[in-house]
Structure formats: C-alpha cells, structure tokens
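Undergrad: input.pdb is reproduced in full below (PDB, C-alpha atoms, pLDDT in the B column).
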ATOM      1  CA  MET E  16     -60.158-120.266-180.865  1.00 67.00           C
ATOM      2  CA  ARG E  17     -61.850-122.654-178.672  1.00 78.00           C
ATOM      3  CA  PRO E  18     -64.720-121.638-176.440  1.00 74.00           C
ATOM      4  CA  GLU E  19     -62.810-122.578-173.299  1.00 78.00           C
ATOM      5  CA  MET E  20     -60.015-120.247-174.323  1.00 78.00           C
ATOM      6  CA  LEU E  21     -62.460-117.405-174.953  1.00 77.00           C
ATOM      7  CA  THR E  22     -63.998-117.936-171.529  1.00 84.00           C
ATOM      8  CA  ALA E  23     -60.567-117.902-169.889  1.00 81.00           C
ATOM      9  CA  LEU E  24     -59.575-114.673-171.669  1.00 81.00           C
ATOM     10  CA  SER E  25     -62.795-112.942-170.706  1.00 85.00           C
ATOM     11  CA  ALA E  26     -62.282-114.049-167.092  1.00 85.00           C
ATOM     12  CA  LEU E  27     -58.749-112.659-167.224  1.00 84.00           C
ATOM     13  CA  ALA E  28     -60.021-109.331-168.584  1.00 87.00           C
ATOM     14  CA  VAL E  29     -62.646-109.097-165.850  1.00 87.00           C
ATOM     15  CA  ALA E  30     -60.024-109.906-163.197  1.00 89.00           C
ATOM     16  CA  THR E  31     -57.662-107.255-164.603  1.00 91.00           C
ATOM     17  CA  VAL E  32     -60.374-104.560-164.624  1.00 89.00           C
ATOM     18  CA  THR E  33     -61.394-105.536-161.093  1.00 91.00           C
ATOM     19  CA  ALA E  34     -57.779-105.345-159.881  1.00 89.00           C
ATOM     20  CA  ILE E  35     -57.260-101.941-161.486  1.00 88.00           C
ATOM     21  CA  GLY E  36     -60.518-100.706-159.926  1.00 85.00           C
ATOM     22  CA  GLY E  37     -59.443-102.012-156.509  1.00 84.00           C
ATOM     23  CA  VAL E  38     -56.076-100.248-156.747  1.00 83.00           C
ATOM     24  CA  ALA E  39     -57.730 -97.007-157.881  1.00 82.00           C
ATOM     25  CA  THR E  40     -60.235 -97.199-155.035  1.00 81.00           C
ATOM     26  CA  ALA E  41     -57.450 -97.778-152.523  1.00 78.00           C
ATOM     27  CA  ILE E  42     -55.496 -94.773-153.806  1.00 76.00           C
ATOM     28  CA  VAL E  43     -58.532 -92.471-153.856  1.00 72.00           C
ATOM     29  CA  GLY E  44     -59.720 -93.790-150.495  1.00 66.00           C
ATOM     30  CA  ARG E  45     -56.373 -93.048-148.909  1.00 67.00           C
ATOM     31  CA  ARG E  46     -56.481 -89.409-150.064  1.00 64.00           C
ATOM     32  CA  GLN E  47     -59.935 -88.677-148.715  1.00 59.00           C
ATOM     33  CA  PRO E  48     -60.638 -89.483-145.090  1.00 61.00           C
ATOM     34  CA  ARG E  49     -63.520 -91.809-144.635  1.00 61.00           C
ATOM     35  CA  ARG E  50     -66.475 -90.048-143.057  1.00 64.00           C
ATOM     36  CA  PRO E  51     -69.193 -92.155-141.575  1.00 66.00           C
ATOM     37  CA  ARG E  52     -72.760 -91.432-142.477  1.00 64.00           C
ATOM     38  CA  GLY E  53     -74.195 -88.593-140.453  1.00 63.00           C
ATOM     39  CA  ALA E  54     -70.792 -87.004-139.755  1.00 63.00           C
ATOM     40  CA  GLU E  55     -71.910 -83.808-141.482  1.00 65.00           C
ATOM     41  CA  ARG E  56     -75.002 -83.704-139.332  1.00 64.00           C
ATOM     42  CA  ARG E  57     -72.860 -84.164-136.216  1.00 66.00           C
ATOM     43  CA  ASP E  58     -70.568 -81.355-137.376  1.00 68.00           C
ATOM     44  CA  ASP E  59     -73.601 -79.121-137.921  1.00 78.00           C
ATOM     45  CA  PHE E  60     -74.928 -80.047-134.479  1.00 81.00           C
ATOM     46  CA  THR E  61     -71.563 -79.187-132.908  1.00 83.00           C
ATOM     47  CA  ALA E  62     -71.470 -75.839-134.694  1.00 83.00           C
ATOM     48  CA  VAL E  63     -75.034 -75.010-133.638  1.00 85.00           C
ATOM     49  CA  THR E  64     -74.336 -76.111-130.069  1.00 88.00           C
ATOM     50  CA  ASP E  65     -71.233 -73.900-129.925  1.00 89.00           C
ATOM     51  CA  LYS E  66     -73.164 -70.891-131.272  1.00 91.00           C
ATOM     52  CA  LEU E  67     -75.962 -71.482-128.757  1.00 92.00           C
ATOM     53  CA  GLY E  68     -73.396 -71.697-125.953  1.00 93.00           C
ATOM     54  CA  GLU E  69     -71.941 -68.345-127.004  1.00 94.00           C
ATOM     55  CA  HIS E  70     -75.428 -66.841-127.207  1.00 95.00           C
ATOM     56  CA  ILE E  71     -76.336 -68.130-123.731  1.00 94.00           C
ATOM     57  CA  ALA E  72     -73.109 -66.725-122.287  1.00 95.00           C
ATOM     58  CA  ARG E  73     -73.844 -63.330-123.861  1.00 95.00           C
ATOM     59  CA  LEU E  74     -77.388 -63.363-122.463  1.00 95.00           C
ATOM     60  CA  GLU E  75     -76.054 -64.209-118.992  1.00 95.00           C
ATOM     61  CA  ARG E  76     -73.614 -61.278-119.182  1.00 95.00           C
ATOM     62  CA  GLU E  77     -76.430 -58.958-120.263  1.00 94.00           C
ATOM     63  CA  ALA E  78     -78.674 -60.234-117.446  1.00 94.00           C
ATOM     64  CA  GLU E  79     -75.929 -59.587-114.893  1.00 94.00           C
ATOM     65  CA  HIS E  80     -75.460 -56.068-116.286  1.00 94.00           C
ATOM     66  CA  ASP E  81     -79.225 -55.499-116.089  1.00 94.00           C
ATOM     67  CA  ARG E  82     -79.270 -56.678-112.455  1.00 94.00           C
ATOM     68  CA  GLN E  83     -76.466 -54.272-111.583  1.00 95.00           C
ATOM     69  CA  GLN E  84     -78.243 -51.437-113.391  1.00 95.00           C
ATOM     70  CA  ALA E  85     -81.502 -52.228-111.571  1.00 94.00           C
ATOM     71  CA  GLU E  86     -79.686 -52.166-108.209  1.00 94.00           C
ATOM     72  CA  GLN E  87     -78.152 -48.773-109.048  1.00 93.00           C
ATOM     73  CA  ASP E  88     -81.589 -47.484-110.097  1.00 93.00           C
ATOM     74  CA  ARG E  89     -83.104 -48.721-106.813  1.00 92.00           C
ATOM     75  CA  GLN E  90     -80.393 -46.960-104.800  1.00 90.00           C
ATOM     76  CA  ARG E  91     -80.866 -43.731-106.775  1.00 87.00           C
ATOM     77  CA  ILE E  92     -84.662 -43.817-106.363  1.00 87.00           C
ATOM     78  CA  THR E  93     -84.288 -44.495-102.624  1.00 86.00           C
ATOM     79  CA  ALA E  94     -81.978 -41.499-102.272  1.00 86.00           C
ATOM     80  CA  GLN E  95     -84.363 -39.297-104.274  1.00 84.00           C
ATOM     81  CA  ASP E  96     -87.299 -40.494-102.159  1.00 85.00           C
ATOM     82  CA  PHE E  97     -85.412 -39.619 -98.972  1.00 86.00           C
ATOM     83  CA  ALA E  98     -84.524 -36.159-100.337  1.00 84.00           C
ATOM     84  CA  LEU E  99     -88.111 -35.436-101.342  1.00 83.00           C
ATOM     85  CA  ARG E 100     -89.444 -36.573 -97.944  1.00 84.00           C
ATOM     86  CA  TYR E 101     -86.884 -34.395 -96.199  1.00 84.00           C
ATOM     87  CA  ILE E 102     -87.804 -31.324 -98.287  1.00 83.00           C
ATOM     88  CA  ALA E 103     -91.554 -31.951 -97.818  1.00 83.00           C
ATOM     89  CA  GLY E 104     -91.087 -32.344 -94.037  1.00 84.00           C
ATOM     90  CA  TRP E 105     -89.006 -29.199 -93.879  1.00 85.00           C
ATOM     91  CA  ALA E 106     -91.614 -27.222 -95.865  1.00 85.00           C
ATOM     92  CA  ARG E 107     -94.386 -28.544 -93.571  1.00 85.00           C
ATOM     93  CA  SER E 108     -92.452 -27.481 -90.486  1.00 88.00           C
ATOM     94  CA  LEU E 109     -91.949 -24.011 -91.973  1.00 88.00           C
ATOM     95  CA  VAL E 110     -95.678 -23.733 -92.744  1.00 86.00           C
ATOM     96  CA  ALA E 111     -96.527 -24.901 -89.221  1.00 87.00           C
ATOM     97  CA  TYR E 112     -94.115 -22.331 -87.735  1.00 88.00           C
ATOM     98  CA  MET E 113     -95.617 -19.538 -89.838  1.00 87.00           C
ATOM     99  CA  ARG E 114     -99.168 -20.489 -88.852  1.00 86.00           C
ATOM    100  CA  GLN E 115     -98.160 -20.662 -85.220  1.00 88.00           C
ATOM    101  CA  ALA E 116     -96.751 -17.151 -85.552  1.00 89.00           C
ATOM    102  CA  GLN E 117    -100.122 -16.188 -87.048  1.00 87.00           C
ATOM    103  CA  LEU E 118     -98.619 -15.532 -90.476  1.00 85.00           C
ATOM    104  CA  GLU E 119    -100.067 -16.839 -93.707  1.00 82.00           C
ATOM    105  CA  PRO E 120     -97.651 -18.871 -95.851  1.00 76.00           C
ATOM    106  CA  PRO E 121     -97.330 -17.799 -99.475  1.00 77.00           C
ATOM    107  CA  PRO E 122     -99.275 -19.786-102.051  1.00 75.00           C
ATOM    108  CA  PRO E 123     -97.348 -22.324-104.141  1.00 69.00           C
ATOM    109  CA  PRO E 124     -95.518 -20.712-107.069  1.00 71.00           C
ATOM    110  CA  GLN E 125     -97.658 -22.601-109.576  1.00 76.00           C
ATOM    111  CA  PRO E 126    -100.781 -24.725-109.462  1.00 77.00           C
ATOM    112  CA  VAL E 127    -100.126 -28.047-107.783  1.00 70.00           C
ATOM    113  CA  PRO E 128    -100.777 -30.998-110.123  1.00 72.00           C
ATOM    114  CA  ASP E 129    -103.374 -33.547-109.029  1.00 76.00           C
ATOM    115  CA  GLU E 130    -100.749 -36.330-109.060  1.00 73.00           C
ATOM    116  CA  VAL E 131     -98.710 -34.454-106.449  1.00 72.00           C
ATOM    117  CA  ARG E 132    -101.614 -33.239-104.312  1.00 68.00           C
ATOM    118  CA  SER E 133    -102.122 -36.649-102.684  1.00 67.00           C
ATOM    119  CA  TYR E 134     -98.540 -36.549-101.350  1.00 65.00           C
ATOM    120  CA  LEU E 135     -98.685 -32.968-100.145  1.00 65.00           C
ATOM    121  CA  HIS E 136    -101.855 -33.132 -98.007  1.00 60.00           C
ATOM    122  CA  ASP E 137    -101.229 -29.937 -96.051  1.00 58.00           C
ATOM    123  CA  ILE E 138    -101.433 -27.631 -99.110  1.00 54.00           C
ATOM    124  CA  GLY E 139    -104.621 -25.636 -99.156  1.00 54.00           C
ATOM    125  CA  THR E 140    -105.619 -26.520 -95.584  1.00 44.00           C
TER
END
Can I see the file as structure tokens?
TA:
Amino acid sequence: MRPEMLTALSALAVATVTAIGGVATAIVGRRQPRRPRGAERRDDFTAVTDKLGEHIARLEREAEHDRQQAEQDRQRITAQDFALRYIAGWARSLVAYMRQAQLEPPPPPQPVPDEVRSYLHDIGT
C-alpha cells in the first residue's frame, strides 16, 4: 500500500468516527433539553423567592391577627377600667354618706396591698 492510500484511509476513518459522533450527539441532545449555564441557580432562586413570598404572607396574616387581638385587649381593659372606677366611686360615696351620718365604715375585709393603696386614697383617712 502506498502512503497516500494509507493517509486517505485514515482520513476516511476519522471522518466516519466524527460523523457517527455528530449523529449520536444530535440524538442525545434532542432527548435532553438544553439548559443554559446558571439555569439551576435561577431555579433555586425562584424556589427560594416563592418560599420567602409565602413566609411574608404568613407573617402579614399573623401581624393582622395580632393587631386585632391587641384592639380587643384594649377594649376589654378600657371596660374593666371603667368598671373599677365606677365601683371605687360608688364605694367612696357610700363611705362619705356613712361619715356624714356619723357612722364609721367597716374596715376592708383584708389588708389592702401597697400597689392598690395609691389608687384608693380615701382608705384609712
């Protein structure tokens, strides 16, 4: 065999292998969608962003519930404050009536705590 023939056969073999590789790549490439670089990172970012959006929405719902609860607590405390002021005023008027009638009011049923004494200034006078 002549050297030119050997060169031509080796070139033909290389061309055949290259063609088979190209066909195989085309078949495999058609089966798997081509994903650009960084697509996985974008998918992760989208997933994280969606989770954060859900978390923010949940926190907003909880904050709204807390605001409603705080408003109900304020209304309850205001009503309790009014009731306590009414009872204290009524007790003071009864004590004043008894003293005016020259009667001595009964002592409190138990010792008055120091925390309460500042609000009930007519006890013990």
Undergrad: To one decimal place, how far is atom CA of Pro121 of chain E from atom CA of Leu109 of chain E in Å?
TA: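 Atom CA of Pro121 of chain E sits 11.1 Å away from atom CA of Leu109 of chain E.
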Undergrad: Rounded to one decimal, what separation in Å do you get between atom CA of Pro126 of chain E and atom CA of Tyr101 of chain E?
TA: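 Computed distance, atom CA of Pro126 of chain E to atom CA of Tyr101 of chain E, equals 21.5 Å.
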Undergrad: Restricting the calculation to only C-alpha atoms: of E:Ile92, E:Met20, E:Ala106, E:Leu74, which residue gets closest to Pro120 of chain E?
TA: E:Ala106
Undergrad: Work out how far atom CA of Val131 of chain E is from atom CA of Gln84 of chain E, in Å to one decimal.
TA: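 That distance, rounded to one decimal, is 27.5 Å.
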Undergrad: E:Ala30, E:Val110, E:Ile42, E:Ala78: which is nearest Pro122 of chain E, counting all atoms listed in the file?
TA: E:Val110
